[in-house]
Amino acid sequence: MLDKLPHRTNSGPAHPTPARVDTLDSPTAFQIRPIESLADFRTCVVIQEEVWGRGFIDIVSASVLQVTSHIGSIVLGAFTPTGELMGFVAGFTGLEDGRPVHWSHMLGVRETARNAGVGRALKEHQRAELARMGIPEMRWSVDPLVAKNAHFNLNRLGARVVRYVRDMYGDTGSALHGTITDRIIVACPTDAADAEAEVPFETDAAVPILTCDPQEGDLVLAGDSSRPPSVWIEVPSDIVNVMKESPDAAASWRLAVRRHFEWALERGYVTTGFHRDAATSRAFYVLKLGEARP
């Protein structure tokens with residue numbers, strides 16, 4: 001039987017936009033706990049608008065967040081010592097092939113708390129709570145073109161890519177998403193002991209690079225039938241900047257990464273990590289043939 005997080009339905013005072021949080025070195029910088037008040041559920045809606053824009057049409061309402069939290073789903077918030085909500089993570093628990101699994105649907109952090117470790121803390125607390133509830137695995141979707149998120153999810157959290165989905169959400173109305181929402185689905189064990197540390201990257205000039213923008217010295221595949229032991233799939237180091245400078249270039253990257261991931265997954269390649277090369281400002285998914293992480 002799944003445990004249910006305790007929640008209250010009383011509403012409290014709305015929280016104003018908090019001041020900038022620059023460090024989480026102090027344990028009192030913020031607290032991760034279940035969201036309980038109607039006011040805080042409504043603040044989650046405000047955060048969604050701040051992160052994905054006013055035109056975002058896939059907002060999860062306060063009532064849905066509140067109701068699902070009573071039946072085994074999770075809605076956790078990151079709060080300052082004064083009770084201001086800095087970010088939240090929300091997910092839904094269900095069954096896949098007869099076994100319980102949790103879908104971590106949404107993670108949003110206010111701009112004033114970015115790059116302070118809030119997102120990772122929310123994910124880690126979510127994972128710990130799911131382990132306590134006996135849910136062995138959580139899954140979520142990731143935009144494959146966002147290098148920063150790929151590094152966070154694959155290297156920091158130890159997630160693994162399980163499949164590629166074309167245009168998963170359609171046009172959400174968010175400029176942050178663009179008009180084509182291809183996603184990779186990643187899975188992560190909830191047992192913290194099973195999660196790996198950051199995957200070391202081994203430089204190897206003999207590894208082919210699948211890319212939209214080949215560079216001098218890149219090794220390319222001899223043909224679609226080739227199956228080298230490893231391949232790297234390149235994505236832009238900053239897709240947001242590419243979208244601003246050239247929407248056409250961003251679209252070309254999108255279609256190329258789709259083609260490369262589908263090619264690799266169909267041939268049994270497994271994504272083992274993500275590498276950002278500081279010297280060249282290039283970013284790559286690292287894939288190996290049939291070598292899955294536990």
# chains A, B, ... in the order shown; residues from 1 in each chain; ligands from 1

call {"tool": "select_by_dssp", "arguments": {"residues": "region 34-270 of chain A", "states": "helix (DSSP H, G or I)", "output": "MDAnalysis selection string"}}
result
chainID A and resid 38:52 62:68 111:113 118:133 147:156 192:194 239:245 247:266

call {"tool": "write_last_selection", "arguments": {"atoms": "C-alpha atoms", "output": "compact mmCIF listing (two decimals), in the first residue's frame"}}
result
# COMPACT_ATOMS: atom_id res chain seq x y z
CA LEU A 38 -3.86 26.27 -1.10
CA ALA A 39 -1.86 29.50 -1.28
CA ASP A 40 1.34 27.57 -1.95
CA PHE A 41 -0.35 25.36 -4.56
CA ARG A 42 -1.43 28.58 -6.28
CA THR A 43 2.12 29.91 -6.04
CA CYS A 44 3.18 26.81 -8.00
CA VAL A 45 0.98 28.10 -10.82
CA VAL A 46 2.67 31.50 -10.60
CA ILE A 47 6.08 29.83 -10.80
CA GLN A 48 4.99 27.92 -13.90
CA GLU A 49 4.06 31.21 -15.58
CA GLU A 50 7.40 32.73 -14.55
CA VAL A 51 9.39 29.78 -15.92
CA TRP A 52 7.46 28.87 -19.08
CA ALA A 62 -3.53 24.31 -8.13
CA SER A 63 -6.53 22.02 -7.70
CA VAL A 64 -4.91 19.15 -9.66
CA LEU A 65 -1.69 19.51 -7.68
CA GLN A 66 -3.63 19.50 -4.42
CA VAL A 67 -5.96 16.60 -5.21
CA THR A 68 -3.31 14.27 -6.64
CA GLU A 111 14.79 32.98 -11.40
CA THR A 112 15.90 34.47 -8.09
CA ALA A 113 16.93 30.97 -6.94
CA VAL A 118 17.37 24.16 -5.55
CA GLY A 119 16.46 21.92 -8.48
CA ARG A 120 18.82 19.15 -7.46
CA ALA A 121 17.67 19.30 -3.84
CA LEU A 122 14.03 18.96 -4.93
CA LYS A 123 14.84 15.94 -7.12
CA GLU A 124 16.87 14.24 -4.40
CA HIS A 125 14.10 14.72 -1.83
CA GLN A 126 11.56 13.44 -4.34
CA ARG A 127 13.66 10.34 -4.92
CA ALA A 128 14.08 9.73 -1.18
CA GLU A 129 10.34 10.06 -0.56
CA LEU A 130 9.55 7.64 -3.38
CA ALA A 131 12.02 5.12 -1.95
CA ARG A 132 10.26 5.44 1.42
CA MET A 133 6.94 4.75 -0.30
CA ALA A 147 22.99 20.67 -22.58
CA LYS A 148 22.74 22.00 -19.04
CA ASN A 149 19.73 19.80 -18.26
CA ALA A 150 21.33 16.75 -19.89
CA HIS A 151 24.39 17.15 -17.66
CA PHE A 152 22.20 17.57 -14.58
CA ASN A 153 19.95 14.60 -15.29
CA LEU A 154 22.46 12.07 -16.62
CA ASN A 155 25.63 12.97 -14.73
CA ARG A 156 24.37 14.41 -11.46
CA ALA A 192 20.06 6.42 -3.72
CA ALA A 193 22.62 3.63 -3.42
CA ASP A 194 21.90 2.68 -7.04
CA ILE A 239 20.39 25.96 -27.58
CA VAL A 240 18.60 29.01 -26.16
CA ASN A 241 21.22 31.27 -27.70
CA VAL A 242 21.03 29.36 -31.00
CA MET A 243 17.24 29.85 -31.04
CA LYS A 244 17.66 33.59 -30.53
CA GLU A 245 20.30 33.96 -33.23
CA PRO A 247 15.57 29.69 -35.51
CA ASP A 248 16.46 27.83 -38.72
CA ALA A 249 19.73 26.59 -37.21
CA ALA A 250 17.87 25.50 -34.07
CA ALA A 251 15.39 23.56 -36.21
CA SER A 252 18.25 21.87 -38.06
CA TRP A 253 19.79 20.79 -34.76
CA ARG A 254 16.44 19.48 -33.58
CA LEU A 255 15.94 17.25 -36.62
CA ALA A 256 19.57 16.08 -36.64
CA VAL A 257 19.51 15.07 -32.97
CA ARG A 258 16.20 13.27 -33.56
CA ARG A 259 17.70 11.34 -36.45
CA HIS A 260 20.88 10.51 -34.54
CA PHE A 261 19.14 9.34 -31.37
CA GLU A 262 16.64 7.20 -33.25
CA TRP A 263 19.47 5.68 -35.28
CA ALA A 264 21.48 4.87 -32.15
CA LEU A 265 18.63 3.51 -30.03
CA GLU A 266 17.40 1.28 -32.85

call {"tool": "closest_residue", "arguments": {"among": "A:Leu219, A:Ala29, A:Cys188, A:Ile180", "to": "Arg139 (chain A)", "atoms": "only C-alpha atoms"}}
result
A:Cys188

call {"tool": "atom_distance", "arguments": {"atom1": "CA of Tyr269 (chain A)", "atom2": "CA of Pro100 (chain A)"}}
result
26.4 Å

call {"tool": "select_by_dssp", "arguments": {"residues": "region 50-239 of chain A", "states": "strand (DSSP E or B)", "output": "number ranges by chain"}}
result
A: 74-79, 85-96, 99-109, 137-142, 160-165, 183-189, 209-210, 230-235

call {"tool": "write_last_selection", "arguments": {"atoms": "C-alpha atoms", "output": "PDB file, in the first residue's frame"}}
result
ATOM      1  CA  ILE A  74       4.233  14.060  -4.742  1.00  0.00           C
ATOM      2  CA  VAL A  75       4.344  17.858  -4.662  1.00  0.00           C
ATOM      3  CA  LEU A  76       7.395  19.186  -2.838  1.00  0.00           C
ATOM      4  CA  GLY A  77       8.438  22.806  -2.381  1.00  0.00           C
ATOM      5  CA  ALA A  78      11.686  24.586  -1.576  1.00  0.00           C
ATOM      6  CA  PHE A  79      10.982  27.233   1.056  1.00  0.00           C
ATOM      7  CA  LEU A  85       8.303  29.253  -2.079  1.00  0.00           C
ATOM      8  CA  MET A  86      11.394  29.231  -4.331  1.00  0.00           C
ATOM      9  CA  GLY A  87      10.573  26.212  -6.484  1.00  0.00           C
ATOM     10  CA  PHE A  88       8.618  22.990  -6.655  1.00  0.00           C
ATOM     11  CA  VAL A  89       8.625  19.513  -8.123  1.00  0.00           C
ATOM     12  CA  ALA A  90       5.414  17.627  -8.915  1.00  0.00           C
ATOM     13  CA  GLY A  91       4.901  14.073 -10.099  1.00  0.00           C
ATOM     14  CA  PHE A  92       2.276  11.382 -10.397  1.00  0.00           C
ATOM     15  CA  THR A  93       2.428   7.735  -9.361  1.00  0.00           C
ATOM     16  CA  GLY A  94       0.864   4.939 -11.399  1.00  0.00           C
ATOM     17  CA  LEU A  95       1.495   1.515 -12.883  1.00  0.00           C
ATOM     18  CA  GLU A  96       3.567   0.429 -15.872  1.00  0.00           C
ATOM     19  CA  ARG A  99       4.600  -2.362 -11.382  1.00  0.00           C
ATOM     20  CA  PRO A 100       4.517   1.005  -9.593  1.00  0.00           C
ATOM     21  CA  VAL A 101       6.393   3.857 -11.245  1.00  0.00           C
ATOM     22  CA  HIS A 102       6.473   7.605 -10.641  1.00  0.00           C
ATOM     23  CA  TRP A 103       6.369  10.199 -13.418  1.00  0.00           C
ATOM     24  CA  SER A 104       8.133  13.392 -12.347  1.00  0.00           C
ATOM     25  CA  HIS A 105       6.128  15.761 -14.496  1.00  0.00           C
ATOM     26  CA  MET A 106       7.296  19.249 -13.598  1.00  0.00           C
ATOM     27  CA  LEU A 107      10.215  20.995 -11.901  1.00  0.00           C
ATOM     28  CA  GLY A 108      10.197  24.780 -11.708  1.00  0.00           C
ATOM     29  CA  VAL A 109      12.554  27.163  -9.889  1.00  0.00           C
ATOM     30  CA  GLU A 137      11.774   3.993 -10.208  1.00  0.00           C
ATOM     31  CA  MET A 138      10.902   7.473 -11.371  1.00  0.00           C
ATOM     32  CA  ARG A 139      10.807   8.738 -14.936  1.00  0.00           C
ATOM     33  CA  TRP A 140      10.576  12.106 -16.632  1.00  0.00           C
ATOM     34  CA  SER A 141      11.099  13.800 -19.989  1.00  0.00           C
ATOM     35  CA  VAL A 142      14.087  15.927 -20.988  1.00  0.00           C
ATOM     36  CA  ARG A 160      19.472   6.763 -18.030  1.00  0.00           C
ATOM     37  CA  VAL A 161      17.801   7.312 -21.406  1.00  0.00           C
ATOM     38  CA  VAL A 162      15.108   4.716 -22.134  1.00  0.00           C
ATOM     39  CA  ARG A 163      13.505   6.069 -25.310  1.00  0.00           C
ATOM     40  CA  TYR A 164      13.095   9.008 -27.695  1.00  0.00           C
ATOM     41  CA  VAL A 165       9.657  10.531 -28.347  1.00  0.00           C
ATOM     42  CA  ARG A 183      11.914  14.553 -25.705  1.00  0.00           C
ATOM     43  CA  ILE A 184      14.091  11.796 -24.367  1.00  0.00           C
ATOM     44  CA  ILE A 185      12.531   9.754 -21.558  1.00  0.00           C
ATOM     45  CA  VAL A 186      14.914   9.066 -18.708  1.00  0.00           C
ATOM     46  CA  ALA A 187      14.593   6.668 -15.775  1.00  0.00           C
ATOM     47  CA  CYS A 188      16.243   6.803 -12.381  1.00  0.00           C
ATOM     48  CA  PRO A 189      16.231   4.309  -9.496  1.00  0.00           C
ATOM     49  CA  ILE A 209      30.564  12.048 -33.824  1.00  0.00           C
ATOM     50  CA  LEU A 210      26.965  12.357 -34.991  1.00  0.00           C
ATOM     51  CA  SER A 230      30.864   4.000 -29.073  1.00  0.00           C
ATOM     52  CA  VAL A 231      29.367   7.094 -30.661  1.00  0.00           C
ATOM     53  CA  TRP A 232      28.887  10.676 -29.491  1.00  0.00           C
ATOM     54  CA  ILE A 233      25.787  12.688 -30.333  1.00  0.00           C
ATOM     55  CA  GLU A 234      26.455  16.419 -30.377  1.00  0.00           C
ATOM     56  CA  VAL A 235      23.980  19.064 -29.230  1.00  0.00           C
TER      57      VAL A 235
END

call {"tool": "decode", "arguments": {"residues": "region 36-48 of chain A", "atoms": "N, CA, C and O atoms", "output": "compact mmCIF listing (two decimals), in the first residue's frame"}}
result
# COMPACT_ATOMS: atom_id res chain seq x y z
N GLU A 36 1.46 22.17 1.26
CA GLU A 36 0.25 21.83 2.01
C GLU A 36 -0.87 22.85 1.85
O GLU A 36 -2.04 22.48 1.88
N SER A 37 -0.56 24.12 1.73
CA SER A 37 -1.62 25.13 1.73
C SER A 37 -2.08 25.45 0.31
O SER A 37 -1.32 25.34 -0.67
N LEU A 38 -3.32 25.87 0.20
CA LEU A 38 -3.86 26.27 -1.10
C LEU A 38 -3.07 27.44 -1.68
O LEU A 38 -2.82 27.50 -2.88
N ALA A 39 -2.65 28.35 -0.81
CA ALA A 39 -1.86 29.50 -1.28
C ALA A 39 -0.57 29.05 -1.94
O ALA A 39 -0.16 29.59 -2.98
N ASP A 40 0.09 28.04 -1.36
CA ASP A 40 1.34 27.57 -1.95
C ASP A 40 1.10 26.77 -3.23
O ASP A 40 1.91 26.83 -4.16
N PHE A 41 -0.01 26.02 -3.30
CA PHE A 41 -0.35 25.36 -4.56
C PHE A 41 -0.57 26.40 -5.66
O PHE A 41 -0.18 26.21 -6.81
N ARG A 42 -1.21 27.51 -5.29
CA ARG A 42 -1.43 28.58 -6.28
C ARG A 42 -0.12 29.26 -6.66
O ARG A 42 0.05 29.70 -7.80
N THR A 43 0.81 29.35 -5.72
CA THR A 43 2.12 29.91 -6.04
C THR A 43 2.85 29.02 -7.04
O THR A 43 3.62 29.51 -7.87
N CYS A 44 2.60 27.72 -7.00
CA CYS A 44 3.18 26.81 -8.00
C CYS A 44 2.73 27.21 -9.41
O CYS A 44 3.50 27.10 -10.38
N VAL A 45 1.49 27.65 -9.54
CA VAL A 45 0.98 28.10 -10.82
C VAL A 45 1.71 29.37 -11.25
O VAL A 45 2.10 29.53 -12.41
N VAL A 46 1.94 30.28 -10.31
CA VAL A 46 2.67 31.50 -10.60
C VAL A 46 4.09 31.18 -11.07
O VAL A 46 4.60 31.77 -12.03
N ILE A 47 4.72 30.22 -10.41
CA ILE A 47 6.08 29.83 -10.80
C ILE A 47 6.08 29.25 -12.20
O ILE A 47 7.00 29.51 -13.00
N GLN A 48 5.07 28.46 -12.55
CA GLN A 48 4.99 27.92 -13.90
C GLN A 48 4.93 29.04 -14.94
O GLN A 48 5.58 28.98 -15.99
